[in-house]
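Worksheet for the structure shown next.
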Amino acid sequence: MSIRDWAAIRRALINGDSYNSEVVAHFGDLTTDPQREAVKNLCLVQPNDSILIAQQRIRFFREEIQKTHLKPIIIGQPKIDLDADVKYHPEVSIEFKQSLISVPRGKYPKDARISWRLMNETSESFTFAKMNNVAALVHQQFFQNRFTFNKGKFIGWYTSPIDGLNLQLYCLDETEAERVAKYVVQAVGKTWDDKIFRITKPKRNNATTSEQITILGKQKDAPVWRPNVIVNAYKANINVWGAGNEEFQLVGRLANGQFFAVARNS
């Protein structure tokens with residue numbers, strides 16, 4: 001390849017809707033974190049980069065950040081066919097929702113989700129007796145005293161693959177994000193590690209009162225970016241690989257509003 005050819009390719013990687021713009025879009029507002037800003041800059045192709053340096057940057061972004069080698073592109077093949085070769089650990093999912101009492105008339109309640117995987121279990125080793133134990137734990141930790149948290153624009157990250165945790169918590173502030181992350185880690189019987197937890201502080205503000213805009217001649221509330229609301233645990237399921245599309249309910253709700261751990265014999 002000639003120097004002129006490489007210069008043209010490098011410009012294409014840097015300018016317009018191409019490689020560098022993809023890197024920027026991937027990191028988004030997370031660049032408020034200095035360490036993450038530094039990682040983003042390592043991935044960006046620079047105007048004076050050689051072919052070798054540019055290739056190293058692209059490979060680092062694809063393999064270490066996006067991990068594309070672990071996410072094969074499947075075209076024209078149902079996902080379930082790929083899943084046959086990938087065995088997932090059972091995944092517990094708790095859904096949260098804003099109290100209907102606090103939702104303005106004509107609005108939908110905001111929601112949130114927290115999940116983790118049971119790394120010591122597989123579909124073959126998991127049983128209904130173990131599912132009942134998980135249901136009891138989830139009910140005790142999140143529903144008996146109705147776990148709530150303040151949702152907002154700050155993001156708390158806690159990623160520990162060995163513990164089955166990949167938390168991405170949108171919270172009101174740093175203190176709330178750390179509180180929720182610690183509670184989840186300890187609730188599932190794992191040990192908290194300060195070195196794993198980090199916070200993203202977006203520069204963009206989220207207004208508490210919606211701006212009024214005119215749509216087709218009518219006044220409407222503008223969408224709120226990462227709204228500040230209190231959400232409560234209201235639903236819990238577990239997904240077991242190989243069981244089809246069925247999600248098994250872990251916590252049920254009585255007519256009087258009380259929650260109970262679902263028990264199964266088969």
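Note on naming: chains are A, B, ... as they come in the structure tokens, residues start from 1 per chain, ligands start from 1 in the order shown.
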
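Residues within 12 Å of Lys235 (chain A), counting only C-alpha atoms and excluding same-chain residues fewer than 6 positions away, are Val92, Ser93, Ile94, Glu95, Phe96, Lys97, Asp111, Ala112, Arg113, Ile114, Ser115, Ala135, Val138, His139, Phe142, Phe143, Arg146, Phe147, Glu247, Phe248, Gln249, Leu250, Val251, Gly252, Arg253, Phe259, Phe260, Ala261 and Val262 of chain A.
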
What would the file look like if the residues just selected were written as a compact mmCIF listing (two decimals), in the first residue's frame with N, CA and C atoms?
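Heads up, here's the output in selection11.txt:
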```txt
# COMPACT_ATOMS: atom_id res chain seq x y z
N VAL A 92 -31.49 -14.24 37.28
CA VAL A 92 -32.55 -13.68 38.12
C VAL A 92 -32.76 -12.23 37.71
N SER A 93 -34.00 -11.85 37.56
CA SER A 93 -34.32 -10.48 37.14
C SER A 93 -35.39 -9.90 38.04
N ILE A 94 -35.11 -8.71 38.60
CA ILE A 94 -36.10 -8.01 39.43
C ILE A 94 -36.47 -6.72 38.72
N GLU A 95 -37.76 -6.51 38.55
CA GLU A 95 -38.24 -5.31 37.88
C GLU A 95 -38.81 -4.34 38.92
N PHE A 96 -38.55 -3.07 38.67
CA PHE A 96 -38.98 -2.00 39.57
C PHE A 96 -39.92 -1.06 38.81
N LYS A 97 -40.84 -0.46 39.54
CA LYS A 97 -41.77 0.46 38.89
C LYS A 97 -42.12 1.60 39.84
N ASP A 111 -39.84 2.74 34.94
CA ASP A 111 -39.42 1.44 35.47
C ASP A 111 -37.90 1.30 35.49
N ALA A 112 -37.44 0.20 36.06
CA ALA A 112 -36.01 -0.10 36.16
C ALA A 112 -35.87 -1.61 36.30
N ARG A 113 -34.62 -2.08 36.18
CA ARG A 113 -34.39 -3.53 36.24
C ARG A 113 -33.00 -3.80 36.83
N ILE A 114 -32.94 -4.82 37.67
CA ILE A 114 -31.67 -5.29 38.23
C ILE A 114 -31.61 -6.80 38.03
N SER A 115 -30.48 -7.31 37.57
CA SER A 115 -30.38 -8.76 37.35
C SER A 115 -28.99 -9.27 37.70
N ALA A 135 -36.21 -18.03 45.18
CA ALA A 135 -37.43 -17.25 45.37
C ALA A 135 -37.54 -16.72 46.80
N VAL A 138 -34.94 -13.84 47.21
CA VAL A 138 -35.36 -12.62 46.52
C VAL A 138 -36.52 -11.96 47.27
N HIS A 139 -37.46 -12.77 47.73
CA HIS A 139 -38.60 -12.22 48.47
C HIS A 139 -38.14 -11.55 49.75
N PHE A 142 -35.77 -8.28 48.77
CA PHE A 142 -36.27 -7.19 47.93
C PHE A 142 -37.77 -6.90 48.07
N PHE A 143 -38.54 -7.84 48.64
CA PHE A 143 -39.98 -7.64 48.67
C PHE A 143 -40.60 -7.61 50.07
N ARG A 146 -40.06 -4.28 50.79
CA ARG A 146 -40.24 -3.53 49.53
C ARG A 146 -39.05 -2.61 49.24
N PHE A 147 -38.01 -3.19 48.67
CA PHE A 147 -36.81 -2.42 48.35
C PHE A 147 -37.12 -1.34 47.31
N GLU A 247 -40.35 -17.78 31.35
CA GLU A 247 -39.71 -17.17 32.52
C GLU A 247 -40.48 -17.63 33.74
N PHE A 248 -39.76 -18.10 34.74
CA PHE A 248 -40.39 -18.63 35.94
C PHE A 248 -40.54 -17.53 36.98
N GLN A 249 -41.76 -17.32 37.42
CA GLN A 249 -42.04 -16.28 38.42
C GLN A 249 -41.47 -16.69 39.77
N LEU A 250 -40.76 -15.77 40.41
CA LEU A 250 -40.18 -16.05 41.73
C LEU A 250 -41.02 -15.47 42.86
N VAL A 251 -41.64 -14.32 42.61
CA VAL A 251 -42.42 -13.63 43.64
C VAL A 251 -43.80 -13.31 43.08
N GLY A 252 -44.84 -13.69 43.83
CA GLY A 252 -46.21 -13.38 43.43
C GLY A 252 -46.82 -12.31 44.33
N ARG A 253 -48.01 -11.87 43.96
CA ARG A 253 -48.67 -10.81 44.72
C ARG A 253 -50.12 -11.18 44.99
N PHE A 259 -46.72 -9.47 49.00
CA PHE A 259 -45.91 -10.33 48.12
C PHE A 259 -45.60 -11.65 48.83
N PHE A 260 -45.39 -12.70 48.03
CA PHE A 260 -45.04 -14.01 48.61
C PHE A 260 -44.08 -14.71 47.66
N ALA A 261 -43.21 -15.57 48.23
CA ALA A 261 -42.28 -16.35 47.42
C ALA A 261 -43.02 -17.51 46.79
N VAL A 262 -42.91 -17.65 45.49
CA VAL A 262 -43.59 -18.73 44.76
C VAL A 262 -42.84 -20.02 45.01
```

Discussion item. Using only C-alpha atoms, which protein or nucleic acid residues come within 10 Å of His26 (chain A)? Drop anything in the same chain fewer than 4 positions from it, and give the result as a VMD selection string.
Written reply: chain A and resid 20 to 22 30 40 61 65 to 66

Discussion item. Could you list, as a list in words, every residue within 7 Å of Phe149 (chain A), counting only C-alpha atoms and ignoring same-chain residues fewer than 6 positions away?
Written reply: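 Returned residues: Ile230, Val231 and Asn232 of chain A.
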
Worksheet item: Got a sec: who's within 8 Å of Arg226 (chain A), counting only C-alpha atoms, leaving out chain neighbours fewer than 5 positions off, as a list in words?
Response: Lys151, Gly152, Lys153, Tyr170 and Asn206 of chain A

Worksheet item: Expressed in Å to a single decimal, how great is the separation between CA of Lys190 (chain A) and CA of Asn132 (chain A)?
Response: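 Computing it gives 19.6 Å between the two atoms.
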
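Candidate residues A:Asp163, A:Asp173, A:Glu63, A:Asp221 were compared for distance to Lys201 (chain A), and the nearest is A:Asp173, using only C-alpha atoms.
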
Worksheet item: What is the CA of Ala177 (chain A)-CA of Ser99 (chain A) distance in Å, reported with one decimal?
Response: 19.9 Å

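The smallest atom-to-atom distance between Leu118 (chain A) and any of A:Asn239, A:Gln258, A:Asn41, A:Asn265, using only C-alpha atoms, is found for A:Asn239.
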
Practice prompt. Please provide as a ChimeraX atom specification all residues within 10 Å of Thr175 (chain A), with the sequence filter that same-chain residues fewer than 5 positions apart are discarded (counting only C-alpha atoms).
Written response: /A:154,156,180,199

Fill in: Sel. of strand (DSSP E) residues, region 57-176 of chain A, as a PyMOL selection string
chain A and resi 91-98+111-117+148-151+154-160+165-171
